[in-house]
Amino acid sequence: MTTDSRPPAGPHLEWTVVDSDIGPLLLAATDEGLVRVEFHAAPDRPDLIDPVAARLGLAPWRPAPGAEIRLAEPVRRLAAYFAGELRRFELPLDWRLTSGFNRQVLRELDRSVPYGAVVGYGELAGRVGQPGAAQAVGAAMGSNPLPIVVPCHRVVENDGGIGGFGGGLEAKRALLALEGVLPRPLF
């Protein structure tokens with residue numbers, strides 16, 4: 001897989017890896033919008049992008065650093081978020097990697113849980129008309145193709161516990177600390 005400053009002809013999946021305060025993130029976008037954010041990324045890990053490209057039926061293309069086209073704005077906004085300067089991403093999103101109940105829950109989360117706030121799994125289930133579906137909400141959070149941008153780190157256990165997170169609990173704590181929900185670590 002090579003990098004190039006020119007996109008290929010025809011439909012393609014643009015992807016890149018960016019550094020962040022919680023480790024390297026893979027970002028991928030289609031012509032519809034940002035479609036994937038993946039934790040624990042590395043530029044030499046095609047195993048992270050190939051399944052996404054195959055599922056969408058698109059050829060993967062990794063532009064040279066700084067030559068991103070579809071991802072230029074998501075890269076800028078993620079940097080602003082981690083710098084504490086952005087509270088809502090407001091990016092075009094491609095929701096094709098999720099469907100049904102999971103998509104419904106993720107859209108509700110994106111719409112109704114602002115920066116600096118948290119919601120319980122059970123409360124979020126109630127907001128989508130499925131009280132008692134807290135475990136299903138947990139599964140939806142675990143399958144979120146757009147973590148951070150669609151803020152599944154803001155979903156916590158109803159009893160006040162932090163809950164799980166695909167990027168790891170330290171990453172979830174760091175994101176919640178960035179947003180002022182948890183205190184920042186001293187060291």
# chains A, B, ... in the order shown; residues from 1 in each chain; ligands from 1
$ residues_around --residues "Ser99 of chain A" --least-positions-apart "5" --cutoff "12 Å" --atoms "only C-alpha atoms" --output "list of chain:residue names"
A:Asp94, A:Gln104, A:Val105, A:Leu106, A:Arg107, A:Ala140, A:Ser143, A:Asn144, A:Pro145
$ select_by_dssp --residues "segment 114-148 of chain A" --states "helix (DSSP H, G or I)" --output "short mmCIF file (atom, residue, chain, number, x, y, z; two decimals) with N, CA, C and O atoms, in the first residue's frame"
data_model
loop_
_atom_site.label_atom_id
_atom_site.label_comp_id
_atom_site.auth_asym_id
_atom_site.auth_seq_id
_atom_site.Cartn_x
_atom_site.Cartn_y
_atom_site.Cartn_z
N TYR A 121 -26.20 3.98 30.24
CA TYR A 121 -26.64 3.05 29.20
C TYR A 121 -28.16 2.91 29.22
O TYR A 121 -28.81 2.96 28.19
N GLY A 122 -28.73 2.74 30.41
CA GLY A 122 -30.18 2.58 30.54
C GLY A 122 -30.95 3.82 30.13
O GLY A 122 -31.99 3.74 29.48
N GLU A 123 -30.44 4.99 30.50
CA GLU A 123 -31.11 6.24 30.12
C GLU A 123 -31.10 6.41 28.60
O GLU A 123 -32.10 6.81 28.01
N LEU A 124 -29.98 6.08 27.97
CA LEU A 124 -29.91 6.19 26.51
C LEU A 124 -30.87 5.21 25.85
O LEU A 124 -31.53 5.53 24.86
N ALA A 125 -31.00 4.02 26.44
CA ALA A 125 -31.97 3.05 25.93
C ALA A 125 -33.38 3.62 25.99
O ALA A 125 -34.17 3.49 25.04
N GLY A 126 -33.71 4.27 27.10
CA GLY A 126 -35.01 4.90 27.23
C GLY A 126 -35.24 6.01 26.22
O GLY A 126 -36.34 6.18 25.70
N ARG A 127 -34.20 6.76 25.91
CA ARG A 127 -34.33 7.86 24.95
C ARG A 127 -34.67 7.38 23.55
O ARG A 127 -35.23 8.14 22.75
N ALA A 134 -30.39 -1.69 28.13
CA ALA A 134 -29.08 -1.13 28.46
C ALA A 134 -27.94 -1.98 27.88
O ALA A 134 -26.95 -1.44 27.38
N GLN A 135 -28.07 -3.30 27.94
CA GLN A 135 -27.01 -4.15 27.38
C GLN A 135 -26.91 -3.98 25.87
O GLN A 135 -25.80 -3.97 25.32
N ALA A 136 -28.02 -3.83 25.20
CA ALA A 136 -28.00 -3.60 23.76
C ALA A 136 -27.35 -2.25 23.44
O ALA A 136 -26.63 -2.12 22.44
N VAL A 137 -27.57 -1.26 24.28
CA VAL A 137 -26.91 0.03 24.10
C VAL A 137 -25.40 -0.15 24.27
O VAL A 137 -24.61 0.41 23.51
N GLY A 138 -25.00 -0.96 25.25
CA GLY A 138 -23.57 -1.26 25.43
C GLY A 138 -22.97 -1.90 24.18
O GLY A 138 -21.87 -1.55 23.75
N ALA A 139 -23.71 -2.80 23.58
CA ALA A 139 -23.24 -3.44 22.34
C ALA A 139 -23.14 -2.41 21.21
O ALA A 139 -22.20 -2.44 20.42
N ALA A 140 -24.09 -1.49 21.15
CA ALA A 140 -24.05 -0.43 20.13
C ALA A 140 -22.82 0.44 20.33
O ALA A 140 -22.15 0.81 19.36
N MET A 141 -22.49 0.75 21.58
CA MET A 141 -21.31 1.57 21.85
C MET A 141 -20.05 0.81 21.42
O MET A 141 -19.13 1.39 20.84
N GLY A 142 -20.01 -0.49 21.69
CA GLY A 142 -18.86 -1.30 21.32
C GLY A 142 -18.67 -1.45 19.82
O GLY A 142 -17.57 -1.71 19.35
#
$ residues_around --residues "segment 163-170 of chain A" --least-positions-apart "3" --cutoff "10 Å" --atoms "only C-alpha atoms" --output "VMD selection string"
chain A and resid 22 to 23 25 38 to 40 120 to 121 138 141 to 144 147 to 148 152 to 160 173 to 176
$ residues_around --residues "Ala42 of chain A" --least-positions-apart "2" --cutoff "8 Å" --atoms "only C-alpha atoms" --output "MDAnalysis selection string"
chainID A and resid 17 24:26 40 44:45
$ write_last_selection --atoms "N, CA, C and O atoms" --output "PDB file, in the first residue's frame"
ATOM      1  N   VAL A  17      -3.526   7.987   9.183  1.00  0.00           N
ATOM      2  CA  VAL A  17      -3.304   7.761  10.614  1.00  0.00           C
ATOM      3  C   VAL A  17      -2.795   9.067  11.200  1.00  0.00           C
ATOM      4  O   VAL A  17      -1.877   9.683  10.646  1.00  0.00           O
ATOM      5  N   PRO A  24      -2.340   6.729  18.367  1.00  0.00           N
ATOM      6  CA  PRO A  24      -2.627   6.923  16.949  1.00  0.00           C
ATOM      7  C   PRO A  24      -4.038   6.465  16.582  1.00  0.00           C
ATOM      8  O   PRO A  24      -4.518   5.443  17.062  1.00  0.00           O
ATOM      9  N   LEU A  25      -4.676   7.269  15.737  1.00  0.00           N
ATOM     10  CA  LEU A  25      -6.035   6.991  15.281  1.00  0.00           C
ATOM     11  C   LEU A  25      -6.048   6.855  13.772  1.00  0.00           C
ATOM     12  O   LEU A  25      -5.455   7.676  13.066  1.00  0.00           O
ATOM     13  N   LEU A  26      -6.725   5.844  13.283  1.00  0.00           N
ATOM     14  CA  LEU A  26      -6.956   5.701  11.855  1.00  0.00           C
ATOM     15  C   LEU A  26      -8.265   6.415  11.538  1.00  0.00           C
ATOM     16  O   LEU A  26      -9.257   6.229  12.237  1.00  0.00           O
ATOM     17  N   HIS A  40      -5.641   2.544  18.221  1.00  0.00           N
ATOM     18  CA  HIS A  40      -4.433   1.692  18.162  1.00  0.00           C
ATOM     19  C   HIS A  40      -3.974   1.466  16.722  1.00  0.00           C
ATOM     20  O   HIS A  40      -3.652   0.354  16.325  1.00  0.00           O
ATOM     21  N   ASP A  44       1.317   1.096   8.975  1.00  0.00           N
ATOM     22  CA  ASP A  44       1.639  -0.185   8.346  1.00  0.00           C
ATOM     23  C   ASP A  44       0.668  -1.286   8.764  1.00  0.00           C
ATOM     24  O   ASP A  44       1.013  -2.454   8.766  1.00  0.00           O
ATOM     25  N   ARG A  45      -0.570  -0.922   9.103  1.00  0.00           N
ATOM     26  CA  ARG A  45      -1.573  -1.906   9.520  1.00  0.00           C
ATOM     27  C   ARG A  45      -2.741  -1.938   8.545  1.00  0.00           C
ATOM     28  O   ARG A  45      -3.840  -1.495   8.861  1.00  0.00           O
TER      29      ARG A  45
END
$ residues_around --residues "segment 31-33 of chain A" --least-positions-apart "6" --cutoff "9 Å" --atoms "only C-alpha atoms" --output "number ranges by chain"
A: 11-14, 70-71, 91-95
$ decode --residues "segment 65-79 of chain A" --atoms "N, CA, C and O atoms" --output "short mmCIF file (atom, residue, chain, number, x, y, z; two decimals), in the first residue's frame"
data_model
loop_
_atom_site.label_atom_id
_atom_site.label_comp_id
_atom_site.auth_asym_id
_atom_site.auth_seq_id
_atom_site.Cartn_x
_atom_site.Cartn_y
_atom_site.Cartn_z
N PRO A 65 1.05 12.39 3.80
CA PRO A 65 0.70 13.27 4.92
C PRO A 65 0.58 14.73 4.47
O PRO A 65 1.43 15.24 3.76
N GLY A 66 -0.51 15.36 4.88
CA GLY A 66 -0.76 16.74 4.51
C GLY A 66 -1.49 16.89 3.19
O GLY A 66 -1.90 17.99 2.82
N ALA A 67 -1.65 15.81 2.44
CA ALA A 67 -2.33 15.87 1.14
C ALA A 67 -3.76 15.31 1.23
O ALA A 67 -4.38 15.04 0.22
N GLU A 68 -4.26 15.14 2.44
CA GLU A 68 -5.60 14.62 2.61
C GLU A 68 -6.62 15.55 1.96
O GLU A 68 -6.46 16.77 2.00
N ILE A 69 -7.63 14.96 1.37
CA ILE A 69 -8.69 15.74 0.73
C ILE A 69 -9.95 15.61 1.58
O ILE A 69 -10.36 16.56 2.23
N ARG A 70 -10.53 14.44 1.60
CA ARG A 70 -11.75 14.20 2.40
C ARG A 70 -11.47 14.28 3.90
O ARG A 70 -12.37 14.61 4.67
N LEU A 71 -10.27 13.96 4.29
CA LEU A 71 -9.94 13.90 5.71
C LEU A 71 -9.29 15.16 6.26
O LEU A 71 -9.02 15.24 7.45
N ALA A 72 -9.05 16.15 5.43
CA ALA A 72 -8.39 17.37 5.90
C ALA A 72 -9.16 18.01 7.06
O ALA A 72 -8.58 18.35 8.09
N GLU A 73 -10.46 18.16 6.90
CA GLU A 73 -11.26 18.79 7.96
C GLU A 73 -11.39 17.90 9.19
O GLU A 73 -11.22 18.38 10.32
N PRO A 74 -11.67 16.60 9.06
CA PRO A 74 -11.67 15.76 10.27
C PRO A 74 -10.33 15.78 11.02
O PRO A 74 -10.32 15.82 12.26
N VAL A 75 -9.22 15.81 10.31
CA VAL A 75 -7.90 15.87 10.97
C VAL A 75 -7.79 17.19 11.75
O VAL A 75 -7.36 17.19 12.91
N ARG A 76 -8.18 18.30 11.14
CA ARG A 76 -8.13 19.61 11.82
C ARG A 76 -9.03 19.62 13.05
O ARG A 76 -8.65 20.12 14.10
N ARG A 77 -10.21 19.08 12.89
CA ARG A 77 -11.16 19.13 14.01
C ARG A 77 -10.75 18.22 15.16
O ARG A 77 -10.95 18.57 16.33
N LEU A 78 -10.17 17.08 14.86
CA LEU A 78 -9.66 16.22 15.94
C LEU A 78 -8.54 16.93 16.70
O LEU A 78 -8.49 16.88 17.93
N ALA A 79 -7.64 17.59 15.99
CA ALA A 79 -6.56 18.34 16.64
C ALA A 79 -7.14 19.43 17.53
O ALA A 79 -6.69 19.63 18.67
#
